[in-house]
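Next up, input-v3.cif (mmCIF, C-alpha atoms and all ligand atoms):
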```cif
data_structure
loop_
_atom_site.label_atom_id
_atom_site.label_comp_id
_atom_site.auth_asym_id
_atom_site.auth_seq_id
_atom_site.Cartn_x
_atom_site.Cartn_y
_atom_site.Cartn_z
CA GLN L 1 0.86 12.93 -44.33
CA PRO L 2 -2.64 11.55 -44.27
CA SER L 3 -1.48 7.98 -43.73
CA SER L 4 0.30 8.80 -40.47
CA ASP L 5 -2.81 10.63 -39.26
CA LEU L 6 -4.72 7.46 -39.82
CA THR L 7 -2.17 5.44 -37.91
CA GLU L 8 -2.46 7.74 -34.93
CA ASP L 9 -6.16 7.09 -34.72
CA LYS L 10 -5.56 3.39 -34.43
CA ILE L 11 -5.56 1.54 -31.16
CA GLN L 12 -2.28 -0.13 -30.27
CA VAL L 13 -2.71 -3.77 -29.41
CA ALA L 14 0.13 -5.89 -28.05
CA VAL L 15 0.66 -9.18 -29.84
CA GLU L 16 2.96 -11.48 -27.87
CA VAL L 17 4.77 -14.21 -29.73
CA CYS L 18 6.38 -16.93 -27.63
CA LEU L 19 9.15 -18.87 -29.36
CA LYS L 20 9.60 -22.60 -28.83
CA PRO L 21 12.36 -23.46 -26.36
CA THR L 22 14.27 -25.09 -29.21
CA SER L 23 13.92 -22.20 -31.63
CA THR L 24 17.06 -20.51 -32.83
CA ALA L 25 15.30 -18.16 -35.24
CA GLY L 26 16.14 -14.49 -35.13
CA ILE L 27 13.65 -12.33 -33.25
CA HIS L 28 13.46 -9.76 -36.07
CA GLU L 29 12.79 -12.40 -38.64
CA VAL L 30 9.91 -13.86 -36.64
CA ARG L 31 8.49 -10.45 -35.81
CA PHE L 32 8.51 -9.55 -39.48
CA ALA L 33 6.72 -12.79 -40.40
CA VAL L 34 4.05 -12.23 -37.75
CA GLU L 35 3.53 -8.63 -38.87
CA ARG L 36 3.04 -9.81 -42.43
CA MET L 37 0.65 -12.49 -41.27
CA LEU L 38 -1.39 -9.92 -39.32
CA GLU L 39 -1.55 -7.61 -42.33
CA LYS L 40 -3.16 -10.40 -44.29
CA ARG L 41 -5.64 -11.21 -41.56
CA CYS L 42 -8.80 -9.24 -42.10
CA LEU L 43 -10.26 -10.44 -38.85
CA SER L 44 -11.38 -8.86 -35.66
CA TYR L 45 -9.09 -8.64 -32.64
CA ALA L 46 -10.07 -9.96 -29.22
CA ASN L 47 -7.99 -10.97 -26.22
CA GLY L 48 -6.64 -14.46 -26.44
CA PRO L 49 -4.60 -16.83 -28.59
CA ILE L 50 -4.64 -16.80 -32.37
CA PRO L 51 -3.59 -19.86 -34.37
CA VAL L 52 -0.12 -20.08 -35.84
CA PRO L 53 -0.73 -20.15 -39.62
CA ALA L 54 -0.07 -23.67 -40.89
CA ASP L 55 1.28 -22.48 -44.24
CA ASP L 56 4.10 -20.41 -42.79
CA ILE L 57 6.97 -22.82 -42.21
CA LEU L 58 9.12 -20.34 -40.32
CA LEU L 59 6.34 -19.67 -37.83
CA VAL L 60 5.24 -23.29 -37.53
CA GLU L 61 8.78 -24.39 -36.76
CA ASN L 62 9.64 -21.67 -34.31
CA VAL L 63 6.54 -20.30 -32.66
CA GLU L 64 4.83 -21.90 -29.69
CA ARG L 65 1.93 -19.45 -29.48
CA ILE L 66 0.70 -16.07 -30.56
CA CYS L 67 -1.48 -14.12 -28.17
CA ILE L 68 -3.37 -10.86 -28.35
CA CYS L 69 -3.10 -9.11 -25.02
CA GLU L 70 -5.08 -6.57 -23.07
CA ILE L 71 -7.21 -4.83 -25.50
CA ASP L 72 -8.05 -1.61 -23.75
CA GLU L 73 -11.00 -1.83 -21.40
CA LEU L 74 -12.55 1.24 -22.92
CA VAL L 75 -13.34 -0.58 -26.12
CA ASP L 76 -17.08 -1.11 -26.70
CA ASN L 77 -18.29 -3.87 -28.90
CA GLN L 78 -17.66 -6.61 -26.32
CA ASP L 79 -13.88 -6.17 -26.32
CA VAL L 80 -13.60 -6.88 -30.02
CA LEU L 81 -11.78 -4.56 -32.40
CA LEU L 82 -11.99 -4.65 -36.16
CA PHE L 83 -8.72 -5.08 -37.98
CA TRP L 84 -8.67 -1.59 -39.47
CA GLN L 85 -8.97 -0.01 -36.01
CA VAL L 86 -5.85 -1.75 -34.80
CA LYS L 87 -2.15 -1.13 -34.92
CA PRO L 88 -0.65 -4.41 -33.75
CA VAL L 89 2.66 -4.12 -31.88
CA VAL L 90 4.44 -7.45 -32.05
CA HIS L 91 6.70 -8.62 -29.20
CA VAL L 92 8.71 -11.79 -29.77
CA PHE L 93 10.29 -13.56 -26.80
CA GLN L 94 11.70 -16.87 -25.61
CA LEU L 95 11.19 -18.06 -22.06
CA SER L 96 14.22 -18.74 -19.91
CA GLU L 97 14.12 -22.20 -18.38
CA GLU L 98 17.01 -21.66 -16.03
CA GLY L 99 14.95 -21.25 -12.88
CA PRO L 100 15.95 -19.17 -9.90
CA CYS L 101 19.60 -18.84 -9.19
CA GLU L 102 19.98 -18.57 -5.47
CA GLU L 103 23.02 -16.74 -4.27
CA LEU L 104 24.91 -18.49 -1.52
CA SER L 105 26.71 -16.44 1.06
CA ALA L 106 30.34 -17.11 1.92
CA ASP L 107 29.49 -19.63 4.64
CA GLY L 108 27.30 -21.62 2.28
CA GLN L 109 24.07 -20.39 3.89
CA PRO L 110 21.33 -19.45 1.47
CA SER L 111 21.40 -15.69 1.22
CA SER L 112 18.40 -13.45 1.16
CA PHE L 113 17.92 -13.04 -2.53
CA ASN L 114 17.04 -14.96 -5.68
CA GLU L 115 17.85 -14.02 -9.20
CA TRP L 116 15.78 -14.81 -12.28
CA ILE L 117 16.42 -14.28 -15.95
CA LEU L 118 13.31 -12.81 -17.54
CA PRO L 119 11.03 -13.72 -19.16
CA ALA L 120 11.07 -16.87 -17.03
CA LYS L 121 9.10 -20.02 -17.63
CA GLU L 122 7.91 -20.01 -14.02
CA PHE L 123 6.10 -16.70 -14.44
CA ASP L 124 4.47 -17.59 -17.76
CA GLY L 125 0.71 -17.01 -17.59
CA MET L 126 0.90 -15.41 -14.15
CA TRP L 127 -0.20 -11.97 -15.36
CA GLU L 128 -3.29 -13.44 -17.01
CA SER L 129 -4.12 -15.58 -13.96
CA LEU L 130 -4.25 -12.60 -11.62
CA ILE L 131 -7.68 -11.04 -11.60
CA TYR L 132 -8.42 -7.57 -10.29
CA ASP L 133 -10.89 -4.82 -10.84
CA VAL L 134 -10.65 -3.31 -14.28
CA GLY L 135 -7.82 -0.90 -14.71
CA LEU L 136 -5.36 -1.93 -12.00
CA LYS L 137 -3.05 -4.04 -14.13
CA GLN L 138 -3.26 -1.59 -17.03
CA ARG L 139 -2.43 1.27 -14.68
CA LEU L 140 0.71 -0.48 -13.45
CA LEU L 141 1.81 -1.32 -16.96
CA ARG L 142 1.28 2.21 -18.23
CA TYR L 143 3.01 3.70 -15.24
CA ALA L 144 6.10 1.62 -15.83
CA ALA L 145 6.01 2.40 -19.54
CA SER L 146 5.93 6.14 -18.82
CA ALA L 147 8.71 5.88 -16.27
CA LEU L 148 10.94 4.05 -18.72
CA LEU L 149 10.09 6.51 -21.49
CA PHE L 150 10.89 9.59 -19.36
CA THR L 151 14.24 8.12 -18.50
CA GLU L 152 14.93 7.07 -22.03
CA LYS L 153 14.22 10.57 -23.31
CA GLY L 154 16.42 12.08 -20.63
CA VAL L 155 13.71 14.21 -18.98
CA ASP L 156 15.42 16.39 -16.36
CA PRO L 157 14.51 15.03 -12.91
CA LEU L 158 14.90 18.50 -11.41
CA LEU L 159 12.06 19.74 -13.56
CA VAL L 160 9.85 16.68 -13.55
CA SER L 161 10.47 14.21 -10.81
CA TRP L 162 9.59 10.56 -10.86
CA ASN L 163 11.03 7.48 -9.24
CA ARG L 164 10.88 4.03 -10.56
CA ILE L 165 9.48 2.60 -7.35
CA ILE L 166 6.13 0.84 -7.05
CA LEU L 167 4.57 -0.12 -3.74
CA LEU L 168 1.71 -2.60 -3.55
CA HIS L 169 0.10 -2.91 -0.16
CA GLY L 170 -2.87 -4.75 1.29
CA PRO L 171 -3.85 -7.88 3.20
CA PRO L 172 -1.84 -11.10 2.78
CA GLY L 173 -2.77 -13.45 -0.04
CA THR L 174 -4.12 -10.80 -2.40
CA GLY L 175 -1.50 -11.53 -5.02
CA LYS L 176 0.90 -8.63 -4.45
CA THR L 177 4.12 -10.60 -4.77
CA SER L 178 2.80 -12.50 -7.77
CA LEU L 179 1.66 -9.25 -9.39
CA CYS L 180 5.14 -7.75 -9.00
CA LYS L 181 6.74 -10.78 -10.63
CA ALA L 182 4.13 -10.86 -13.37
CA LEU L 183 4.62 -7.15 -14.03
CA ALA L 184 8.37 -7.59 -14.32
CA GLN L 185 7.80 -10.46 -16.73
CA LYS L 186 5.36 -8.41 -18.86
CA LEU L 187 7.70 -5.44 -18.99
CA SER L 188 10.66 -7.60 -19.93
CA ILE L 189 8.60 -8.81 -22.92
CA ARG L 190 7.19 -5.43 -23.87
CA PHE L 191 10.53 -3.63 -23.65
CA SER L 192 12.67 -6.32 -25.16
CA SER L 193 13.54 -4.28 -28.23
CA ARG L 194 15.09 -1.57 -26.06
CA TYR L 195 16.41 -3.94 -23.35
CA PRO L 196 17.26 -7.33 -24.83
CA GLN L 197 18.20 -8.69 -21.42
CA SER L 198 16.24 -8.56 -18.25
CA GLN L 199 16.60 -9.85 -14.70
CA LEU L 200 14.59 -9.96 -11.53
CA ILE L 201 16.23 -9.93 -8.13
CA GLU L 202 13.91 -11.03 -5.37
CA VAL L 203 14.77 -9.91 -1.87
CA ASN L 204 12.78 -10.87 1.16
CA ALA L 205 13.13 -7.95 3.57
CA HIS L 206 11.90 -10.06 6.44
CA SER L 207 14.60 -12.67 6.04
CA LEU L 208 17.13 -9.89 5.56
CA PHE L 209 16.29 -8.52 8.98
CA SER L 210 15.65 -11.67 10.87
CA LYS L 211 19.33 -12.52 10.58
CA TRP L 212 21.67 -10.92 13.04
CA PHE L 213 22.25 -7.41 11.93
CA SER L 214 25.95 -7.31 11.36
CA GLU L 215 25.31 -10.00 8.78
CA SER L 216 22.45 -7.97 7.26
CA GLY L 217 24.77 -5.05 6.65
CA LYS L 218 27.02 -7.27 4.60
CA LEU L 219 24.06 -8.78 2.77
CA VAL L 220 22.70 -5.37 1.79
CA ALA L 221 26.14 -4.31 0.57
CA LYS L 222 26.56 -7.50 -1.42
CA LEU L 223 23.10 -7.29 -2.86
CA PHE L 224 23.52 -3.76 -4.10
CA GLN L 225 26.96 -4.41 -5.42
CA LYS L 226 25.39 -7.11 -7.53
CA ILE L 227 22.54 -4.84 -8.63
CA HIS L 228 24.96 -2.08 -9.60
CA GLU L 229 26.96 -4.51 -11.69
CA MET L 230 23.83 -5.55 -13.55
CA VAL L 231 22.65 -2.00 -14.05
CA GLU L 232 25.93 -0.86 -15.51
CA GLU L 233 25.19 -2.91 -18.59
CA GLU L 234 22.85 -0.49 -20.30
CA ASN L 235 21.00 -3.12 -22.31
CA ASN L 236 19.89 -4.81 -19.10
CA LEU L 237 16.53 -4.04 -17.60
CA VAL L 238 16.71 -4.86 -13.89
CA PHE L 239 13.80 -5.38 -11.51
CA VAL L 240 14.38 -5.46 -7.79
CA LEU L 241 11.51 -6.95 -5.81
CA ILE L 242 11.60 -6.20 -2.10
CA ASP L 243 8.91 -8.20 -0.36
CA GLU L 244 7.40 -7.35 3.03
CA VAL L 245 9.00 -3.93 3.36
CA GLU L 246 7.06 -3.37 6.56
CA SER L 247 9.85 -5.25 8.30
CA LEU L 248 12.16 -2.31 7.55
CA ALA L 249 9.97 -0.03 9.64
CA ALA L 250 9.71 -2.64 12.33
CA ALA L 251 13.49 -2.98 12.45
CA ARG L 252 13.95 0.75 12.76
CA LYS L 253 11.33 1.10 15.46
CA ALA L 254 12.76 -1.80 17.44
CA ALA L 255 16.17 -0.18 17.25
CA LEU L 256 14.82 3.14 18.51
CA SER L 257 13.13 1.48 21.46
CA GLY L 258 16.38 -0.25 22.27
CA SER L 259 15.15 -3.79 21.78
CA GLU L 260 17.38 -4.35 18.75
CA PRO L 261 20.95 -3.35 18.23
CA SER L 262 21.24 0.06 16.61
CA ASP L 263 22.96 -1.72 13.75
CA SER L 264 19.53 -2.28 12.29
CA ILE L 265 19.03 1.46 11.80
CA ARG L 266 22.20 1.54 9.84
CA VAL L 267 21.04 -1.36 7.71
CA VAL L 268 17.68 0.24 6.93
CA ASN L 269 19.37 3.54 6.17
CA ALA L 270 21.91 1.83 4.00
CA LEU L 271 19.11 0.17 2.07
CA LEU L 272 17.32 3.49 1.53
CA THR L 273 20.53 5.25 0.50
CA GLN L 274 21.31 2.49 -1.93
CA MET L 275 17.84 2.74 -3.40
CA ASP L 276 18.33 6.48 -3.87
CA LYS L 277 21.57 5.83 -5.68
CA LEU L 278 19.79 3.53 -8.06
CA LYS L 279 17.60 6.47 -9.03
CA ASN L 280 20.34 7.64 -11.35
CA SER L 281 20.22 4.45 -13.34
CA PRO L 282 17.53 4.50 -15.99
CA ASN L 283 17.18 0.76 -16.31
CA VAL L 284 16.01 -0.29 -12.84
CA ILE L 285 12.49 -0.62 -11.51
CA ILE L 286 12.00 -1.30 -7.82
CA LEU L 287 8.89 -3.25 -6.88
CA THR L 288 7.89 -3.48 -3.24
CA THR L 289 5.08 -5.10 -1.28
CA SER L 290 3.72 -4.74 2.21
CA ASN L 291 1.05 -6.61 4.11
CA ILE L 292 0.37 -3.76 6.52
CA THR L 293 -0.09 -0.27 5.26
CA ALA L 294 0.24 1.56 8.56
CA ALA L 295 3.60 0.14 9.47
CA ILE L 296 5.51 0.95 6.31
CA ASP L 297 8.42 3.21 6.91
CA ILE L 298 7.43 6.76 6.02
CA ALA L 299 10.78 7.34 4.39
CA PHE L 300 9.92 4.44 2.20
CA VAL L 301 6.37 5.41 1.29
CA ASP L 302 7.61 8.84 0.20
CA ARG L 303 9.94 7.25 -2.28
CA ALA L 304 7.30 5.25 -4.08
CA ASP L 305 5.57 6.83 -7.05
CA ILE L 306 2.75 4.40 -7.34
CA LYS L 307 1.16 3.19 -4.17
CA ALA L 308 -1.60 0.81 -5.05
CA TYR L 309 -3.87 -0.79 -2.49
CA ILE L 310 -4.58 -4.40 -3.40
CA GLY L 311 -7.70 -5.49 -1.57
CA PRO L 312 -9.56 -8.79 -1.27
CA PRO L 313 -11.23 -9.80 -4.54
CA THR L 314 -14.62 -8.28 -5.38
CA LEU L 315 -17.58 -10.45 -6.38
CA GLU L 316 -16.70 -10.11 -10.05
CA ALA L 317 -13.05 -11.01 -9.42
CA ARG L 318 -14.09 -13.98 -7.25
CA TYR L 319 -16.39 -15.23 -10.00
CA GLU L 320 -13.62 -14.90 -12.57
CA ILE L 321 -11.04 -16.64 -10.36
CA LEU L 322 -13.40 -19.56 -9.70
CA ARG L 323 -14.47 -19.64 -13.36
CA SER L 324 -10.88 -20.02 -14.55
CA SER L 325 -10.23 -22.77 -11.98
CA LEU L 326 -13.41 -24.64 -12.94
CA GLN L 327 -12.59 -24.30 -16.61
CA GLU L 328 -9.18 -25.83 -15.97
CA LEU L 329 -10.69 -28.80 -14.10
CA ILE L 330 -13.13 -29.37 -16.96
CA ARG L 331 -10.31 -29.11 -19.51
CA ARG L 332 -8.27 -31.68 -17.62
CA GLY L 333 -11.23 -34.04 -17.34
CA ILE L 334 -11.38 -33.94 -13.54
CA ILE L 335 -14.91 -32.65 -13.74
CA SER L 336 -17.04 -34.21 -16.44
CA ASN L 337 -18.58 -31.61 -18.64
CA CYS L 338 -22.14 -32.54 -19.54
CA THR L 339 -23.26 -29.11 -20.64
CA ASP L 340 -24.69 -28.45 -24.10
CA ASP L 341 -21.38 -28.47 -25.84
CA ASP L 342 -18.22 -30.36 -24.91
CA HIS L 343 -15.88 -27.44 -25.38
CA LYS L 344 -18.22 -24.94 -23.88
CA ILE L 345 -16.52 -21.91 -22.49
CA LEU L 346 -18.25 -20.72 -19.34
CA PRO L 347 -19.44 -17.13 -19.83
CA SER L 348 -17.58 -14.30 -18.12
CA TYR L 349 -19.21 -12.32 -15.31
CA ILE L 350 -20.17 -9.53 -17.68
CA SER L 351 -21.71 -11.75 -20.31
CA LEU L 352 -23.52 -13.76 -17.63
CA LYS L 353 -25.03 -10.52 -16.30
CA ASP L 354 -26.04 -9.61 -19.87
CA LYS L 355 -27.64 -12.98 -20.41
CA LEU L 356 -29.56 -12.79 -17.15
CA ALA L 357 -30.72 -9.26 -17.97
CA GLN L 358 -32.02 -10.47 -21.33
CA GLY L 359 -33.84 -13.29 -19.61
CA VAL L 360 -31.68 -16.05 -21.10
CA ASP L 361 -31.48 -18.31 -18.09
CA ASP L 362 -32.73 -21.66 -19.25
CA THR L 363 -29.66 -23.20 -20.84
CA GLU L 364 -27.57 -25.64 -18.88
CA THR L 365 -24.51 -23.42 -19.04
CA VAL L 366 -26.33 -20.41 -17.66
CA GLU L 367 -27.75 -22.59 -14.91
CA LEU L 368 -24.23 -23.72 -14.08
CA CYS L 369 -22.92 -20.17 -14.05
CA LYS L 370 -25.69 -19.04 -11.74
CA GLN L 371 -24.46 -21.67 -9.35
CA LEU L 372 -20.91 -20.44 -9.88
CA LEU L 373 -22.06 -16.95 -9.01
CA GLY L 374 -23.58 -18.43 -5.85
CA ALA L 375 -20.21 -19.94 -5.01
CA ALA L 376 -18.50 -16.57 -5.62
CA GLU L 377 -21.00 -14.95 -3.27
CA ALA L 378 -20.30 -17.60 -0.64
CA CYS L 379 -16.60 -16.73 -0.81
CA GLU L 380 -16.90 -13.16 0.38
CA GLY L 381 -13.93 -12.27 2.58
CA LEU L 382 -11.66 -15.03 1.27
CA SER L 383 -8.34 -13.95 -0.22
CA GLY L 384 -7.30 -14.69 -3.77
CA ARG L 385 -4.89 -17.26 -2.38
CA SER L 386 -7.69 -19.12 -0.54
CA LEU L 387 -9.88 -18.96 -3.64
CA ARG L 388 -7.22 -20.61 -5.77
CA LYS L 389 -7.03 -23.46 -3.23
CA LEU L 390 -10.76 -23.89 -2.85
CA PRO L 391 -11.41 -26.12 -5.89
CA PHE L 392 -8.75 -28.53 -4.66
CA LEU L 393 -10.20 -28.67 -1.14
CA ALA L 394 -13.70 -29.11 -2.56
CA HIS L 395 -12.53 -32.00 -4.74
CA ALA L 396 -10.85 -33.68 -1.79
CA ALA L 397 -14.12 -33.44 0.14
CA LEU L 398 -16.22 -35.19 -2.53
CA PRO L 399 -17.61 -38.60 -1.58
CA HIS L 400 -17.41 -39.92 -5.19
CA PRO L 401 -14.78 -37.85 -6.98
CA GLN L 402 -14.77 -40.17 -10.02
CA SER L 403 -18.18 -39.14 -11.29
CA CYS L 404 -18.32 -35.50 -10.60
CA THR L 405 -20.62 -33.19 -12.52
CA PRO L 406 -19.94 -29.45 -12.47
CA LEU L 407 -23.10 -28.82 -10.46
CA LYS L 408 -22.18 -31.33 -7.76
CA PHE L 409 -18.73 -29.88 -7.69
CA LEU L 410 -20.03 -26.36 -7.19
CA CYS L 411 -22.19 -27.52 -4.27
CA ALA L 412 -19.11 -29.04 -2.67
CA MET L 413 -17.25 -25.79 -3.32
CA ILE L 414 -19.94 -23.71 -1.60
CA ASN L 415 -19.77 -26.00 1.45
CA THR L 416 -16.00 -25.79 1.52
CA ALA L 417 -16.14 -22.00 1.21
CA GLN L 418 -18.50 -21.82 4.16
CA ARG L 419 -16.16 -23.97 6.20
CA GLU L 420 -13.15 -21.88 5.25
CA ARG L 421 -14.94 -18.68 6.14
CA SER L 422 -16.00 -20.01 9.53
CA GLU L 423 -12.34 -20.70 10.25
CA LEU L 424 -11.18 -17.17 9.39
P1 LIG L 501 0.60 -11.68 -1.30
O1 LIG L 501 1.96 -11.31 -1.79
O2 LIG L 501 -0.40 -10.57 -1.44
O3 LIG L 501 0.58 -12.31 0.05
P2 LIG L 501 0.77 -13.80 -3.24
O4 LIG L 501 1.33 -13.08 -4.42
O5 LIG L 501 1.70 -14.62 -2.43
O6 LIG L 501 0.02 -12.77 -2.30
O7 LIG L 501 -0.49 -14.65 -3.74
C1 LIG L 501 -0.59 -16.03 -3.58
C2 LIG L 501 -1.43 -16.67 -4.65
O8 LIG L 501 -2.82 -16.36 -4.50
C3 LIG L 501 -1.12 -16.23 -6.05
O9 LIG L 501 -0.07 -16.94 -6.61
C4 LIG L 501 -2.42 -16.50 -6.79
O10 LIG L 501 -2.48 -17.85 -7.18
C5 LIG L 501 -3.47 -16.32 -5.74
N1 LIG L 501 -4.13 -15.01 -5.88
C6 LIG L 501 -4.10 -14.00 -4.99
N2 LIG L 501 -4.83 -12.95 -5.41
C7 LIG L 501 -5.32 -13.29 -6.62
C8 LIG L 501 -6.15 -12.62 -7.59
N3 LIG L 501 -6.61 -11.38 -7.40
N4 LIG L 501 -6.45 -13.29 -8.71
C9 LIG L 501 -6.01 -14.53 -8.92
N5 LIG L 501 -5.23 -15.21 -8.07
C10 LIG L 501 -4.90 -14.62 -6.91
#
```
Is it possible to give me this structure as structure tokens?
Ligand code: ADP
Amino acid sequence: QPSSDLTEDKIQVAVEVCLKPTSTAGIHEVRFAVERMLEKRCLSYANGPIPVPADDILLVENVERICICEIDELVDNQDVLLFWQVKPVVHVFQLSEEGPCEELSADGQPSSFNEWILPAKEFDGMWESLIYDVGLKQRLLRYAASALLFTEKGVDPLLVSWNRIILLHGPPGTGKTSLCKALAQKLSIRFSSRYPQSQLIEVNAHSLFSKWFSESGKLVAKLFQKIHEMVEEENNLVFVLIDEVESLAAARKAALSGSEPSDSIRVVNALLTQMDKLKNSPNVIILTTSNITAAIDIAFVDRADIKAYIGPPTLEARYEILRSSLQELIRRGIISNCTDDDHKILPSYISLKDKLAQGVDDTETVELCKQLLGAAEACEGLSGRSLRKLPFLAHAALPHPQSCTPLKFLCAMINTAQRERSEL
């Protein structure tokens, strides 16, 4: 069939449709309406929001926003695709506003895990706000998609083996925990037609092991009992986030050297055995993070399929992080925008480089972005977490915060960055 050949040539683009909290419309109905709307739209596709069509009452009443997501990085033409190159894949979802549900242990003490219903309002926009070198986020997303597909198709694990365990490691503050949560949120949206329900269980390994160990044993048992219950429901997609797994190795080592009761070995082993058991369930993905690579338990590292090092942000990532923060402060009117155009979008790192290469460096915006680049250079060595705090600290250090131009603000930010770095 020639038409299907044509479809295969097309590039799949995810279109995410977020329903209003009050919407009671059926997901299929909305998806159908958006698909029809996209068929009519002979426009190009680029990352970002597209307007909800004002003449479609169903969409106007029910849809909060429509967003085109992650056009492949390999696309030329400045990340823009023409409509005939694209096969849009529409994902409709509604955010859960329930917040974390913290499990209390029998004695009323907070236990060591939190549970979220996905997609959760708290994690909305997190994926987009995390900035890494090209390819990292896509790689994680594709990996998870393949893992879920292999399981779905019943690939024999004796012939092709894969686990559904991801390990992100690197220095503190590089966004590992946030990336795990954001990934779970993305996957819950992208796989909602196969798994209409999705949960995230967040376990902090450190707090699990800092309690006395007899208690930890019970906690691990309780935790996994809960996870098994969730996983039994085959329409549930369950994410288990285990933060700071290096504390598992530490607990085991301490036990071996005799400084901790040998109970801790049993707890770590129980955790690993339980994780192995989960391997048989197709609908679980285990996400783990560690701040120290060397100290992760070898038994643990072996189990992970994807081990991604998350380092401090590169110059480009630092520029993009600061750019998005600055843009937000301009949007909220905290910094007055006196550039050429009131709604000016500051150019991305790549388009700034292009402009500079072409010798366009006389407009006010380019001038501003050169200064922003200077600020990004001054932030070398700072973590993503420090970068996200920097604009706030810079604002607090301004002598006259009421009348702040972007240029003045950037000067303050460079000074603050230098101070922060000297305190590292
Ligand atoms: P980690 O788990 O690596 O210690 P977190 O996930 O706790 O890091 O990150 C803390 C915060 O720092 C994030 O919520 C985010 O605001 C910011 N951050 C860290 N790295 C980045 C990044 N690469 N891009 C954007 N924000 C970042």
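Using only C-alpha atoms, the residues found no farther than 8 Å from region 366-383 of chain L, other than those of its own chain fewer than 3 positions away, are Pro172, Gly173, Thr174, Pro312, Pro313, Thr314, Leu315, Arg318, Tyr319, Leu322, Arg323, Leu346, Pro347, Leu352, Val360, Asp361, Asp362, Thr363, Ser386, Leu387, Pro406, Leu407, Leu410, Cys411, Met413, Ile414, Ala417, Gln418 and Arg421 of chain L.
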- Query: Which value, in Å to one decimal, gives the distance between CA of Glu64 (chain L) and atom N5 of ligand LIG 501 (chain L)?
  - Reply: 24.8 Å
- Item | Closest of L:Ser290, L:Leu95, L:Gly217, L:Lys355 to Ala250 (chain L) - atom-to-atom distances counting all atoms listed in the file | L:Ser290
Distance table requested - chain L against ligand LIG 501 (chain L), cut-off 7 Å, only C-alpha atoms and all ligand atoms: one row per qualifying residue with the closest atom pair and its distance in Å to one decimal, ordered by chain and rising residue number, as a Markdown table.
```
| residue | atom | partner | partner_atom | distance |
| --- | --- | --- | --- | --- |
| L:Ser129 | CA | L:LIG501 | C9 | 5.5 |
| L:Leu130 | CA | L:LIG501 | N4 | 3.7 |
| L:Ile131 | CA | L:LIG501 | N4 | 3.9 |
| L:Tyr132 | CA | L:LIG501 | N3 | 5.1 |
| L:Gly170 | CA | L:LIG501 | O2 | 6.9 |
| L:Pro171 | CA | L:LIG501 | O2 | 6.4 |
| L:Pro172 | CA | L:LIG501 | O3 | 3.8 |
| L:Gly173 | CA | L:LIG501 | O3 | 3.5 |
| L:Thr174 | CA | L:LIG501 | N2 | 3.8 |
| L:Gly175 | CA | L:LIG501 | O4 | 3.3 |
| L:Lys176 | CA | L:LIG501 | O2 | 3.8 |
| L:Thr177 | CA | L:LIG501 | O1 | 3.7 |
| L:Ser178 | CA | L:LIG501 | O4 | 3.7 |
| L:Leu179 | CA | L:LIG501 | O4 | 6.3 |
| L:Thr289 | CA | L:LIG501 | O1 | 7.0 |
| L:Asn291 | CA | L:LIG501 | O2 | 7.0 |
| L:Pro313 | CA | L:LIG501 | N3 | 5.7 |
| L:Ala317 | CA | L:LIG501 | N3 | 6.8 |
| L:Ile321 | CA | L:LIG501 | C9 | 5.6 |
| L:Ser383 | CA | L:LIG501 | N2 | 6.3 |
| L:Gly384 | CA | L:LIG501 | N2 | 3.4 |
| L:Arg385 | CA | L:LIG501 | O8 | 3.1 |
| L:Ser386 | CA | L:LIG501 | O8 | 6.9 |
| L:Arg388 | CA | L:LIG501 | O10 | 5.7 |
```
- Task: List the neighbours of Val284 (chain L) out to 8 Å using all atoms listed in the file; skip same-chain residues closer than 3 positions along the sequence, and give me the result as a VMD selection string.
- Result: chain L and resid 164 231 237 to 240 278 to 279 281
- Place a sphere of radius 7 Å on (20.9, 12.7, -15.6) in the file coordinates and name every protein, DNA or RNA residue with an atom inside or on its surface, counting only C-alpha atoms; give the answer as a PyMOL selection string. chain L and resi 154+156+280
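When CA of Lys222 (chain L) is paired with CA of Glu102 (chain L), their separation reads 13.5 Å.
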- CA of Ile66 (chain L) to CA of Glu39 (chain L), distance in Å rounded to a single decimal: 14.7 Å
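Closest approach to Met37 (chain L) from the set L:Ala25, L:Met126, L:Leu59, L:Leu287 is made by L:Leu59, with distances taken over all atoms listed in the file.
If all atoms listed in the file are the atoms counted, then among L:Val63, L:Leu168, L:Leu118, L:Val80 the closest residue to Ile306 (chain L) is L:Leu168.
Those residues that approach Leu398 (chain L) to within 8 Å, counting all atoms listed in the file, are Ala394, His395, Pro401, Phe409 and Ala412 of chain L; same-chain residues fewer than 3 positions away are not listed.
Every polymer residue reaching to within 6 Å of (17.4, -10.5, -1.2), counting only C-alpha atoms, appears in this list: Ser112, Phe113, Glu202, Val203 and Asn204 of chain L.
Compared by their closest atoms to Leu141 (chain L), and using only C-alpha atoms, the residues L:Gly99, L:Glu423, L:Ser188, L:Glu115 rank with L:Ser188 nearest.
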- Message: Given only C-alpha atoms as the basis, pick out the residue of L:Ala184, L:Val52, L:Ile227, L:Ile334 nearest to Ala396 (chain L).
- Response: L:Ile334
- Task: Counting all atoms listed in the file, figure out which residue out of L:Ser193, L:Asn415, L:Gln274, L:Ser422 gets nearest to Ala221 (chain L).
- Result: L:Gln274
